[in-house]
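Have a look at target.pdb; it's PDB, C-alpha atoms:
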MODEL        1
ATOM      1  CA  MET A 217      57.521 211.866  25.443
ATOM      2  CA  HIS A 218      61.303 211.574  25.223
ATOM      3  CA  TYR A 219      63.074 209.361  22.727
ATOM      4  CA  GLU A 220      66.706 209.826  23.766
ATOM      5  CA  GLY A 221      67.084 206.201  24.818
ATOM      6  CA  ASN A 222      65.707 204.696  21.630
ATOM      7  CA  LYS A 223      68.781 205.271  19.481
ATOM      8  CA  GLU A 224      72.380 206.179  19.843
ATOM      9  CA  ALA A 225      72.874 209.939  19.983
ATOM     10  CA  LYS A 226      74.995 210.082  16.861
ATOM     11  CA  GLY A 227      75.944 213.721  17.191
ATOM     12  CA  TYR A 228      77.804 212.972  20.395
ATOM     13  CA  THR A 229      79.655 209.862  19.280
ATOM     14  CA  GLN A 230      80.242 210.251  15.560
ATOM     15  CA  SER A 231      83.009 212.105  13.841
ATOM     16  CA  ILE A 232      82.298 214.599  11.066
ATOM     17  CA  SER A 233      82.951 211.892   8.488
ATOM     18  CA  GLU A 234      80.335 209.635  10.125
ATOM     19  CA  THR A 235      77.803 212.482  10.213
ATOM     20  CA  GLU A 236      78.666 213.168   6.583
ATOM     21  CA  GLN A 237      77.956 209.523   5.720
ATOM     22  CA  VAL A 238      74.489 209.769   7.300
ATOM     23  CA  VAL A 239      73.783 213.009   5.440
ATOM     24  CA  ARG A 240      74.999 211.729   2.065
ATOM     25  CA  ALA A 241      72.980 208.510   2.486
ATOM     26  CA  ASN A 242      69.790 210.534   3.032
ATOM     27  CA  LEU A 243      70.378 213.344   0.523
ATOM     28  CA  SER A 244      68.270 213.324  -2.640
ATOM     29  CA  LYS A 245      70.073 212.711  -5.935
ATOM     30  CA  ASP A 246      69.608 216.322  -7.009
ATOM     31  CA  GLY A 247      71.039 217.552  -3.680
ATOM     32  CA  LYS A 248      67.989 219.665  -2.883
ATOM     33  CA  THR A 249      66.242 217.548  -0.217
ATOM     34  CA  LEU A 250      67.689 216.072   2.949
ATOM     35  CA  ASP A 251      65.526 213.879   5.185
ATOM     36  CA  ILE A 252      67.361 212.873   8.338
ATOM     37  CA  THR A 253      64.293 212.457  10.519
ATOM     38  CA  ALA A 254      65.007 210.476  13.692
ATOM     39  CA  CYS A 255      68.751 210.124  13.101
ATOM     40  CA  TYR A 256      69.386 211.604  16.577
ATOM     41  CA  LEU A 257      72.274 213.768  15.441
ATOM     42  CA  LYS A 258      71.879 216.176  18.347
ATOM     43  CA  GLU A 259      73.502 219.642  18.358
ATOM     44  CA  TYR A 260      76.893 218.450  17.121
ATOM     45  CA  GLY A 261      75.327 216.859  14.064
ATOM     46  CA  ALA A 262      73.517 220.138  13.358
ATOM     47  CA  LYS A 263      76.853 221.939  13.673
ATOM     48  CA  ASP A 264      78.423 219.577  11.133
ATOM     49  CA  ILE A 265      75.503 219.949   8.722
ATOM     50  CA  SER A 266      75.668 223.734   8.934
ATOM     51  CA  LYS A 267      79.219 223.590   7.520
ATOM     52  CA  PHE A 268      78.920 220.985   4.744
ATOM     53  CA  GLU A 269      79.590 222.900   1.509
ATOM     54  CA  PHE A 270      77.974 220.138  -0.567
ATOM     55  CA  LEU A 271      74.623 221.191   0.974
ATOM     56  CA  ARG A 272      74.732 224.674  -0.564
ATOM     57  CA  ASP A 273      71.894 223.808  -3.038
ATOM     58  CA  LEU A 274      69.689 222.310  -0.301
ATOM     59  CA  THR A 275      66.144 223.691  -0.347
ATOM     60  CA  SER A 276      64.329 221.234   1.948
ATOM     61  CA  LEU A 277      65.623 220.030   5.313
ATOM     62  CA  ASN A 278      63.605 217.477   7.282
ATOM     63  CA  MET A 279      65.364 217.169  10.597
ATOM     64  CA  GLY A 280      62.616 216.193  13.009
ATOM     65  CA  THR A 281      63.381 214.155  16.112
ATOM     66  CA  ASN A 282      67.105 214.823  16.196
ATOM     67  CA  LEU A 283      67.013 216.544  19.606
ATOM     68  CA  ILE A 284      69.284 219.352  18.431
ATOM     69  CA  GLY A 285      68.045 221.785  21.082
ATOM     70  CA  HIS A 286      68.564 225.527  20.818
ATOM     71  CA  PRO A 287      72.343 225.194  20.243
ATOM     72  CA  GLY A 288      71.667 223.090  17.135
ATOM     73  CA  VAL A 289      69.138 225.603  15.823
ATOM     74  CA  LYS A 290      71.704 228.341  16.343
ATOM     75  CA  PHE A 291      74.152 226.497  14.064
ATOM     76  CA  LEU A 292      71.501 225.932  11.384
ATOM     77  CA  SER A 293      70.085 229.457  11.458
ATOM     78  CA  GLN A 294      73.520 231.087  11.304
ATOM     79  CA  SER A 295      74.862 228.770   8.605
ATOM     80  CA  GLN A 296      76.377 230.467   5.574
ATOM     81  CA  VAL A 297      75.792 227.210   3.634
ATOM     82  CA  LEU A 298      72.056 226.617   4.243
ATOM     83  CA  VAL A 299      70.921 229.937   2.787
ATOM     84  CA  ASN A 300      68.730 228.427   0.032
ATOM     85  CA  LEU A 301      66.331 226.601   2.334
ATOM     86  CA  THR A 302      62.675 227.053   1.439
ATOM     87  CA  SER A 303      61.395 224.363   3.808
ATOM     88  CA  ILE A 304      62.641 223.289   7.203
ATOM     89  CA  ASN A 305      60.992 220.729   9.443
ATOM     90  CA  LEU A 306      62.285 220.748  13.013
ATOM     91  CA  PHE A 307      59.502 218.907  14.848
ATOM     92  CA  TYR A 308      60.442 217.455  18.242
ATOM     93  CA  ASN A 309      63.902 218.899  18.679
ATOM     94  CA  GLN A 310      63.492 220.512  22.103
ATOM     95  CA  ILE A 311      64.447 223.922  20.742
ATOM     96  CA  GLY A 312      62.294 225.887  23.186
ATOM     97  CA  ASN A 313      62.033 229.667  23.173
ATOM     98  CA  GLU A 314      65.775 230.149  22.660
ATOM     99  CA  GLY A 315      65.683 228.158  19.435
ATOM    100  CA  VAL A 316      62.721 230.136  18.129
ATOM    101  CA  LYS A 317      64.649 233.350  18.772
ATOM    102  CA  TYR A 318      67.572 232.156  16.626
ATOM    103  CA  ILE A 319      65.183 231.378  13.783
ATOM    104  CA  ALA A 320      63.274 234.657  14.143
ATOM    105  CA  VAL A 321      66.377 236.864  13.858
ATOM    106  CA  SER A 322      68.141 234.824  11.178
ATOM    107  CA  ASP A 323      68.848 236.674   7.941
ATOM    108  CA  ASN A 324      69.828 233.329   6.392
ATOM    109  CA  LEU A 325      66.346 231.796   6.615
ATOM    110  CA  LEU A 326      64.342 234.560   4.943
ATOM    111  CA  SER A 327      63.703 232.370   1.859
ATOM    112  CA  LEU A 328      61.640 229.931   3.918
ATOM    113  CA  GLN A 329      58.211 229.099   2.544
ATOM    114  CA  SER A 330      57.399 226.392   5.100
ATOM    115  CA  LEU A 331      58.505 226.179   8.731
ATOM    116  CA  ASN A 332      57.529 223.321  11.064
ATOM    117  CA  LEU A 333      58.252 223.854  14.772
ATOM    118  CA  THR A 334      55.773 221.296  16.120
ATOM    119  CA  ASP A 335      56.329 219.832  19.608
ATOM    120  CA  ASN A 336      59.321 221.901  20.714
ATOM    121  CA  ASP A 337      58.377 223.198  24.192
ATOM    122  CA  ILE A 338      57.708 226.698  22.840
ATOM    123  CA  THR A 339      55.711 228.955  25.178
ATOM    124  CA  ASP A 340      54.012 232.338  24.795
ATOM    125  CA  GLU A 341      57.414 234.004  25.156
ATOM    126  CA  GLY A 342      58.759 232.288  22.036
ATOM    127  CA  ALA A 343      55.532 232.757  20.088
ATOM    128  CA  ILE A 344      55.407 236.495  20.854
ATOM    129  CA  PHE A 345      59.073 236.890  19.874
ATOM    130  CA  LEU A 346      58.501 235.016  16.607
ATOM    131  CA  ALA A 347      55.402 237.113  15.904
ATOM    132  CA  LYS A 348      57.488 240.307  16.045
ATOM    133  CA  PHE A 349      59.794 239.080  13.275
ATOM    134  CA  LEU A 350      57.246 237.120  11.211
ATOM    135  CA  PRO A 351      56.563 240.006   8.764
ATOM    136  CA  LEU A 352      60.233 239.831   7.678
ATOM    137  CA  PHE A 353      59.671 236.307   6.357
ATOM    138  CA  THR A 354      57.960 237.534   3.186
ATOM    139  CA  ASN A 355      58.111 234.130   1.453
ATOM    140  CA  LEU A 356      56.681 232.143   4.361
ATOM    141  CA  SER A 357      53.290 230.679   3.482
ATOM    142  CA  ARG A 358      53.063 227.851   6.063
ATOM    143  CA  LEU A 359      53.939 227.888   9.773
ATOM    144  CA  ASP A 360      53.184 224.812  11.867
ATOM    145  CA  ILE A 361      53.675 225.462  15.557
ATOM    146  CA  ARG A 362      51.240 222.917  17.019
ATOM    147  CA  TYR A 363      51.816 220.744  20.103
ATOM    148  CA  ASN A 364      53.726 223.397  22.009
ATOM    149  CA  LYS A 365      52.898 225.223  25.233
ATOM    150  CA  ILE A 366      51.478 228.328  23.593
ATOM    151  CA  LYS A 367      48.493 229.843  25.356
ATOM    152  CA  GLU A 368      46.086 232.591  24.272
ATOM    153  CA  GLN A 369      48.572 235.484  24.471
ATOM    154  CA  GLY A 370      51.038 233.767  22.139
ATOM    155  CA  LYS A 371      48.297 232.624  19.766
ATOM    156  CA  GLU A 372      46.874 236.150  19.585
ATOM    157  CA  ALA A 373      50.315 237.600  18.800
ATOM    158  CA  LEU A 374      50.847 235.087  15.983
ATOM    159  CA  CYS A 375      47.360 235.669  14.556
ATOM    160  CA  GLU A 376      47.903 239.440  14.573
ATOM    161  CA  ALA A 377      51.306 239.009  12.911
ATOM    162  CA  LYS A 378      49.736 236.748  10.282
ATOM    163  CA  GLU A 379      47.714 239.716   9.029
ATOM    164  CA  LYS A 380      50.998 241.477   8.139
ATOM    165  CA  THR A 381      52.425 238.490   6.246
ATOM    166  CA  ASN A 382      51.814 236.233   3.264
ATOM    167  CA  LEU A 383      51.026 233.275   5.526
ATOM    168  CA  LYS A 384      48.286 231.124   4.080
ATOM    169  CA  GLN A 385      48.450 228.431   6.759
ATOM    170  CA  LEU A 386      49.111 229.075  10.439
ATOM    171  CA  LEU A 387      48.699 225.876  12.440
ATOM    172  CA  LEU A 388      48.360 226.571  16.160
ATOM    173  CA  ASP A 389      46.083 223.869  17.501
ATOM    174  CA  LYS A 390      46.001 220.087  17.374
ATOM    175  CA  VAL A 391      42.982 219.837  15.082
ATOM    176  CA  GLU A 392      43.952 222.388  12.427
ATOM    177  CA  GLY A 393      46.275 220.140  10.479
ATOM    178  CA  PHE A 394      43.834 217.273  10.319
ATOM    179  CA  GLN A 395      40.757 218.918   8.888
ATOM    180  CA  VAL A 396      39.871 217.535   5.477
ATOM    181  CA  LYS A 397      37.627 219.538   3.169
ATOM    182  CA  ALA A 398      35.723 217.744   0.436
TER     183      ALA A 398
ENDMDL
END
Rewritten as structure tokens:
Amino acid sequence: MHYEGNKEAKGYTQSISETEQVVRANLSKDGKTLDITACYLKEYGAKDISKFEFLRDLTSLNMGTNLIGHPGVKFLSQSQVLVNLTSINLFYNQIGNEGVKYIAVSDNLLSLQSLNLTDNDITDEGAIFLAKFLPLFTNLSRLDIRYNKIKEQGKEALCEAKEKTNLKQLLLDKVEGFQVKA
């Protein structure tokens, strides 16, 4: 399902000051949480965000459904500003395998405790690549990678990598996140 037509792609038409207005309007008072879900900032909005010095204390970034693609993930993962993130939610951003690779090799995201990559067209290739670098993410306790195109080979690689990590929750299939225990 594609949502490009539902809203203006702000990242393509807004200036930095307009992107900054959106970010400031959705930033928590303490400056630690930013929820810009479905603002459709695209890759240029991600580029702007990666440079905003006032986001240096940010620990939680909810940026689902912004269609930033792998170029946007590259900006975020290489940002010298967003180094304190402990949680990043990038569901439905069309990052694909290239985007996963930027995250996997990023030294700036090693503080992550929660990573959501749901519904991003990731295949076995991306899952296997991520699995190789997963042990470096020593703080990561939750990885949600459901609703992608990962088959058995990618799932096996992630499950094997989980044994070498502190992951408590690895969500690979549609039903895993919805099970409720009494």
Residues near segment 364-376 of chain A, cut-off 12 Å, all atoms listed in the file, skip fewer than 3 positions along chain, as a PyMOL selection string: chain A and resi 307-313+316+332-351+359-361+379-381+383-390
Could you write out as a ChimeraX atom specification the residues that the PyMOL selection byres ((chain A and resi 273) around 7) matches in the shown file? /A:247-248,271-272,274-275,300
Go through A:Ser276, A:Gly288, A:Leu298, A:Lys378 and flag the residue nearest Leu331 of chain A, using all atoms listed in the file for the distances. A:Ser276
Exercise: residues within 10 Å of coordinate (69.2, 217.1, 12.9), counting only C-alpha atoms, as number ranges by chain: A: 226-227, 239, 251-265, 277-285, 288-289, 292, 305-306, 309
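Taking atom CA of Tyr318 of chain A and atom CA of Pro287 of chain A as endpoints, the distance between them is 9.2 Å.
Atom to atom, atom CA of Asn324 of chain A and atom CA of Glu234 of chain A stand 26.2 Å apart.
Among A:Ala241, A:Ala377, A:Ala320, A:Leu328, the residue with the shortest atom-to-atom distance to Ser357 of chain A, counting all atoms listed in the file, is A:Leu328.
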